[in-house]
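Enquirer: One file is attached below, query-v8.pdb, containing PDB, N, CA and C atoms.
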MODEL        1
ATOM      1  N   MET T   5     173.902  11.349 171.910
ATOM      2  CA  MET T   5     174.567  11.642 170.654
ATOM      3  C   MET T   5     175.148  10.368 170.032
ATOM      4  N   ARG T   6     175.746   9.538 170.885
ATOM      5  CA  ARG T   6     176.335   8.299 170.363
ATOM      6  C   ARG T   6     175.277   7.358 169.815
ATOM      7  N   SER T   7     174.117   7.346 170.470
ATOM      8  CA  SER T   7     173.069   6.446 170.004
ATOM      9  C   SER T   7     172.542   6.885 168.642
ATOM     10  N   ARG T   8     172.485   8.191 168.415
ATOM     11  CA  ARG T   8     172.039   8.676 167.098
ATOM     12  C   ARG T   8     173.029   8.268 166.011
ATOM     13  N   VAL T   9     174.304   8.400 166.314
ATOM     14  CA  VAL T   9     175.325   8.018 165.334
ATOM     15  C   VAL T   9     175.246   6.522 165.048
ATOM     16  N   ALA T  10     175.055   5.732 166.082
ATOM     17  CA  ALA T  10     174.959   4.287 165.902
ATOM     18  C   ALA T  10     173.739   3.913 165.068
ATOM     19  N   VAL T  11     172.626   4.566 165.330
ATOM     20  CA  VAL T  11     171.405   4.287 164.570
ATOM     21  C   VAL T  11     171.591   4.692 163.111
ATOM     22  N   MET T  12     172.181   5.856 162.890
ATOM     23  CA  MET T  12     172.398   6.312 161.511
ATOM     24  C   MET T  12     173.350   5.383 160.771
ATOM     25  N   ALA T  13     174.392   4.906 161.448
ATOM     26  CA  ALA T  13     175.327   3.982 160.822
ATOM     27  C   ALA T  13     174.635   2.669 160.466
ATOM     28  N   ALA T  14     173.775   2.192 161.359
ATOM     29  CA  ALA T  14     173.044   0.953 161.090
ATOM     30  C   ALA T  14     172.100   1.117 159.901
ATOM     31  N   VAL T  15     171.406   2.243 159.843
ATOM     32  CA  VAL T  15     170.481   2.497 158.732
ATOM     33  C   VAL T  15     171.246   2.589 157.418
ATOM     34  N   LEU T  16     172.356   3.311 157.412
ATOM     35  CA  LEU T  16     173.153   3.422 156.191
ATOM     36  C   LEU T  16     173.730   2.074 155.772
ATOM     37  N   GLY T  17     174.112   1.282 156.754
ATOM     38  CA  GLY T  17     174.638  -0.048 156.440
ATOM     39  C   GLY T  17     173.592  -0.944 155.809
ATOM     40  N   LEU T  18     172.380  -0.859 156.300
ATOM     41  CA  LEU T  18     171.308  -1.683 155.741
ATOM     42  C   LEU T  18     170.864  -1.185 154.374
ATOM     43  N   CYS T  19     170.893   0.118 154.181
ATOM     44  CA  CYS T  19     170.484   0.679 152.893
ATOM     45  C   CYS T  19     171.525   0.428 151.806
ATOM     46  N   ALA T  20     172.781   0.349 152.182
ATOM     47  CA  ALA T  20     173.844   0.191 151.194
ATOM     48  C   ALA T  20     174.018  -1.257 150.744
ATOM     49  N   ARG T  21     173.384  -2.188 151.404
ATOM     50  CA  ARG T  21     173.573  -3.598 151.090
ATOM     51  C   ARG T  21     173.298  -3.941 149.620
ATOM     52  N   PRO T  22     172.206  -3.471 148.986
ATOM     53  CA  PRO T  22     171.993  -3.808 147.574
ATOM     54  C   PRO T  22     173.063  -3.228 146.649
ATOM     55  N   ALA T  23     173.718  -2.155 147.061
ATOM     56  CA  ALA T  23     174.733  -1.544 146.212
ATOM     57  C   ALA T  23     175.981  -2.409 146.128
ATOM     58  N   TRP T  24     176.201  -3.314 147.073
ATOM     59  CA  TRP T  24     177.377  -4.164 147.023
ATOM     60  C   TRP T  24     177.380  -5.029 145.782
ATOM     61  N   ALA T  25     176.239  -5.386 145.269
ATOM     62  CA  ALA T  25     176.160  -6.250 144.092
ATOM     63  C   ALA T  25     176.519  -5.504 142.813
ATOM     64  N   LEU T  26     176.737  -4.199 142.911
ATOM     65  CA  LEU T  26     177.044  -3.431 141.719
ATOM     66  C   LEU T  26     178.537  -3.383 141.404
ATOM     67  N   CYS T  27     179.389  -3.932 142.259
ATOM     68  CA  CYS T  27     180.828  -3.884 141.986
ATOM     69  C   CYS T  27     181.136  -4.783 140.791
ATOM     70  N   PRO T  28     182.116  -4.400 139.969
ATOM     71  CA  PRO T  28     182.423  -5.169 138.759
ATOM     72  C   PRO T  28     182.836  -6.607 139.057
ATOM     73  N   ASN T  29     183.546  -6.816 140.149
ATOM     74  CA  ASN T  29     183.981  -8.174 140.474
ATOM     75  C   ASN T  29     182.784  -9.061 140.806
ATOM     76  N   CYS T  30     181.789  -8.497 141.507
ATOM     77  CA  CYS T  30     180.599  -9.281 141.850
ATOM     78  C   CYS T  30     179.755  -9.567 140.603
ATOM     79  N   LEU T  31     179.714  -8.614 139.703
ATOM     80  CA  LEU T  31     178.913  -8.805 138.495
ATOM     81  C   LEU T  31     179.489  -9.888 137.601
ATOM     82  N   GLY T  32     180.817 -10.060 137.650
ATOM     83  CA  GLY T  32     181.448 -11.078 136.822
ATOM     84  C   GLY T  32     181.110 -12.484 137.269
ATOM     85  N   GLN T  33     180.830 -12.673 138.556
ATOM     86  CA  GLN T  33     180.478 -13.971 139.126
ATOM     87  C   GLN T  33     181.470 -15.051 138.721
ATOM     88  N   SER T  34     182.728 -14.701 138.757
ATOM     89  CA  SER T  34     183.760 -15.672 138.418
ATOM     90  C   SER T  34     184.459 -16.124 139.689
ATOM     91  N   SER T  35     184.752 -17.402 139.788
ATOM     92  CA  SER T  35     185.420 -17.917 140.983
ATOM     93  C   SER T  35     186.916 -17.623 140.973
ATOM     94  N   THR T  36     187.452 -17.298 139.792
ATOM     95  CA  THR T  36     188.872 -16.954 139.702
ATOM     96  C   THR T  36     189.002 -15.528 139.179
ATOM     97  N   LEU T  37     190.132 -14.909 139.478
ATOM     98  CA  LEU T  37     190.374 -13.556 138.990
ATOM     99  C   LEU T  37     190.783 -13.595 137.526
ATOM    100  N   GLY T  38     190.292 -12.658 136.770
ATOM    101  CA  GLY T  38     190.675 -12.554 135.381
ATOM    102  C   GLY T  38     192.062 -11.967 135.244
ATOM    103  N   ALA T  39     192.589 -11.999 134.037
ATOM    104  CA  ALA T  39     193.940 -11.497 133.803
ATOM    105  C   ALA T  39     194.030 -10.002 134.101
ATOM    106  N   ALA T  40     192.988  -9.266 133.780
ATOM    107  CA  ALA T  40     193.012  -7.819 134.013
ATOM    108  C   ALA T  40     193.054  -7.502 135.505
ATOM    109  N   LEU T  41     192.274  -8.229 136.317
ATOM    110  CA  LEU T  41     192.293  -7.984 137.758
ATOM    111  C   LEU T  41     193.608  -8.405 138.387
ATOM    112  N   ARG T  42     194.227  -9.457 137.878
ATOM    113  CA  ARG T  42     195.541  -9.852 138.380
ATOM    114  C   ARG T  42     196.578  -8.782 138.064
ATOM    115  N   LEU T  43     196.505  -8.221 136.871
ATOM    116  CA  LEU T  43     197.443  -7.176 136.469
ATOM    117  C   LEU T  43     197.250  -5.924 137.320
ATOM    118  N   VAL T  44     196.015  -5.563 137.586
ATOM    119  CA  VAL T  44     195.738  -4.419 138.453
ATOM    120  C   VAL T  44     196.281  -4.675 139.851
ATOM    121  N   GLY T  45     196.120  -5.878 140.357
ATOM    122  CA  GLY T  45     196.651  -6.220 141.672
ATOM    123  C   GLY T  45     198.154  -6.095 141.742
ATOM    124  N   VAL T  46     198.841  -6.527 140.693
ATOM    125  CA  VAL T  46     200.298  -6.398 140.658
ATOM    126  C   VAL T  46     200.696  -4.928 140.652
ATOM    127  N   PHE T  47     200.013  -4.118 139.852
ATOM    128  CA  PHE T  47     200.347  -2.700 139.797
ATOM    129  C   PHE T  47     200.059  -1.996 141.114
ATOM    130  N   LEU T  48     199.081  -2.486 141.889
ATOM    131  CA  LEU T  48     198.809  -1.891 143.194
ATOM    132  C   LEU T  48     199.913  -2.215 144.195
ATOM    133  N   LEU T  49     200.648  -3.284 143.981
ATOM    134  CA  LEU T  49     201.734  -3.642 144.881
ATOM    135  C   LEU T  49     203.046  -2.934 144.555
ATOM    136  N   VAL T  50     203.179  -2.375 143.370
ATOM    137  CA  VAL T  50     204.437  -1.762 142.959
ATOM    138  C   VAL T  50     204.786  -0.514 143.781
ATOM    139  N   PRO T  51     203.912   0.474 143.978
ATOM    140  CA  PRO T  51     204.318   1.666 144.736
ATOM    141  C   PRO T  51     204.767   1.377 146.170
ATOM    142  N   PRO T  52     204.067   0.527 146.946
ATOM    143  CA  PRO T  52     204.594   0.231 148.291
ATOM    144  C   PRO T  52     205.944  -0.481 148.236
ATOM    145  N   ALA T  53     206.135  -1.337 147.255
ATOM    146  CA  ALA T  53     207.416  -2.038 147.140
ATOM    147  C   ALA T  53     208.540  -1.053 146.861
ATOM    148  N   ILE T  54     208.300  -0.085 145.991
ATOM    149  CA  ILE T  54     209.311   0.928 145.697
ATOM    150  C   ILE T  54     209.593   1.773 146.932
ATOM    151  N   PHE T  55     208.538   2.141 147.660
ATOM    152  CA  PHE T  55     208.712   2.949 148.868
ATOM    153  C   PHE T  55     209.572   2.217 149.889
ATOM    154  N   PHE T  56     209.250   0.957 150.170
ATOM    155  CA  PHE T  56     209.998   0.222 151.179
ATOM    156  C   PHE T  56     211.429  -0.051 150.731
ATOM    157  N   ALA T  57     211.649  -0.310 149.452
ATOM    158  CA  ALA T  57     213.010  -0.516 148.958
ATOM    159  C   ALA T  57     213.830   0.765 149.107
ATOM    160  N   ALA T  58     213.221   1.911 148.782
ATOM    161  CA  ALA T  58     213.931   3.188 148.926
ATOM    162  C   ALA T  58     214.187   3.494 150.400
ATOM    163  N   ALA T  59     213.232   3.225 151.268
ATOM    164  CA  ALA T  59     213.411   3.484 152.700
ATOM    165  C   ALA T  59     214.535   2.626 153.275
ATOM    166  N   ILE T  60     214.608   1.369 152.886
ATOM    167  CA  ILE T  60     215.675   0.486 153.370
ATOM    168  C   ILE T  60     217.020   0.956 152.846
ATOM    169  N   ALA T  61     217.071   1.335 151.577
ATOM    170  CA  ALA T  61     218.332   1.817 151.002
ATOM    171  C   ALA T  61     218.790   3.101 151.692
ATOM    172  N   ILE T  62     217.885   4.011 151.971
ATOM    173  CA  ILE T  62     218.240   5.263 152.644
ATOM    174  C   ILE T  62     218.752   4.977 154.054
ATOM    175  N   ARG T  63     218.117   4.065 154.751
ATOM    176  CA  ARG T  63     218.585   3.708 156.104
ATOM    177  C   ARG T  63     219.997   3.126 156.067
ATOM    178  N   LYS T  64     220.226   2.221 155.131
ATOM    179  CA  LYS T  64     221.555   1.611 155.032
ATOM    180  C   LYS T  64     222.617   2.641 154.669
ATOM    181  N   LEU T  65     222.277   3.534 153.746
ATOM    182  CA  LEU T  65     223.245   4.562 153.350
ATOM    183  C   LEU T  65     223.500   5.553 154.471
ATOM    184  N   SER T  66     222.476   5.890 155.241
ATOM    185  CA  SER T  66     222.674   6.841 156.331
ATOM    186  C   SER T  66     223.476   6.213 157.476
ATOM    187  N   ARG T  67     223.353   4.914 157.684
ATOM    188  CA  ARG T  67     224.161   4.237 158.704
ATOM    189  C   ARG T  67     225.623   4.125 158.266
ATOM    190  N   ALA T  68     225.850   3.952 156.977
ATOM    191  CA  ALA T  68     227.220   3.795 156.470
ATOM    192  C   ALA T  68     228.001   5.102 156.551
ATOM    193  N   THR T  69     227.332   6.244 156.460
ATOM    194  CA  THR T  69     228.030   7.534 156.472
ATOM    195  C   THR T  69     228.339   8.025 157.887
ATOM    196  N   LYS T  70     227.755   7.427 158.914
ATOM    197  CA  LYS T  70     227.999   7.877 160.301
ATOM    198  C   LYS T  70     229.279   7.358 160.850
TER     199      LYS T  70
ENDMDL
END
Could you render the structure as structure tokens?
Expert:
Amino acid sequence: MRSRVAVMAAVLGLCARPAWALCPNCLGQSSTLGAALRLVGVFLLVPPAIFFAAAIAIRKLSRATK
């Protein structure tokens, strides 16, 4: 059973290789990130930052009330 899964994974990996060139970043062929991709990257960092800031604040507040 494991060998079948391994073979199928290898076949899918080899078949998917041409699809990698279809990503927008690869199509741009730019060595630097554009302004839009930088902005998207910043927005992707905002939710984890808010989560961790809230988690730290909750921990500090819960320790202060004990």
Enquirer: Give me the box for region 44-55 of chain T as lines of an AutoDock Vina configuration file, namely the centre and edge lengths in Å to one decimal of a box along x, y and z that holds every listed atom plus 3 Å on each side.
Expert:
center_x = 202.7
center_y = -1.8
center_z = 143.7
size_x = 19.9
size_y = 15.5
size_z = 18.3
Enquirer: What is the atom N of Leu49 (chain T)-atom N of Ala68 (chain T) distance in Å, reported with one decimal?
Expert: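 One can read the atom N of Leu49 (chain T) to atom N of Ala68 (chain T) distance as 29.3 Å.
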Enquirer: Just give me the gap between CA of Ala59 (chain T) and CA of Leu41 (chain T) in Å, one decimal is fine.
Expert: 28.3 Å
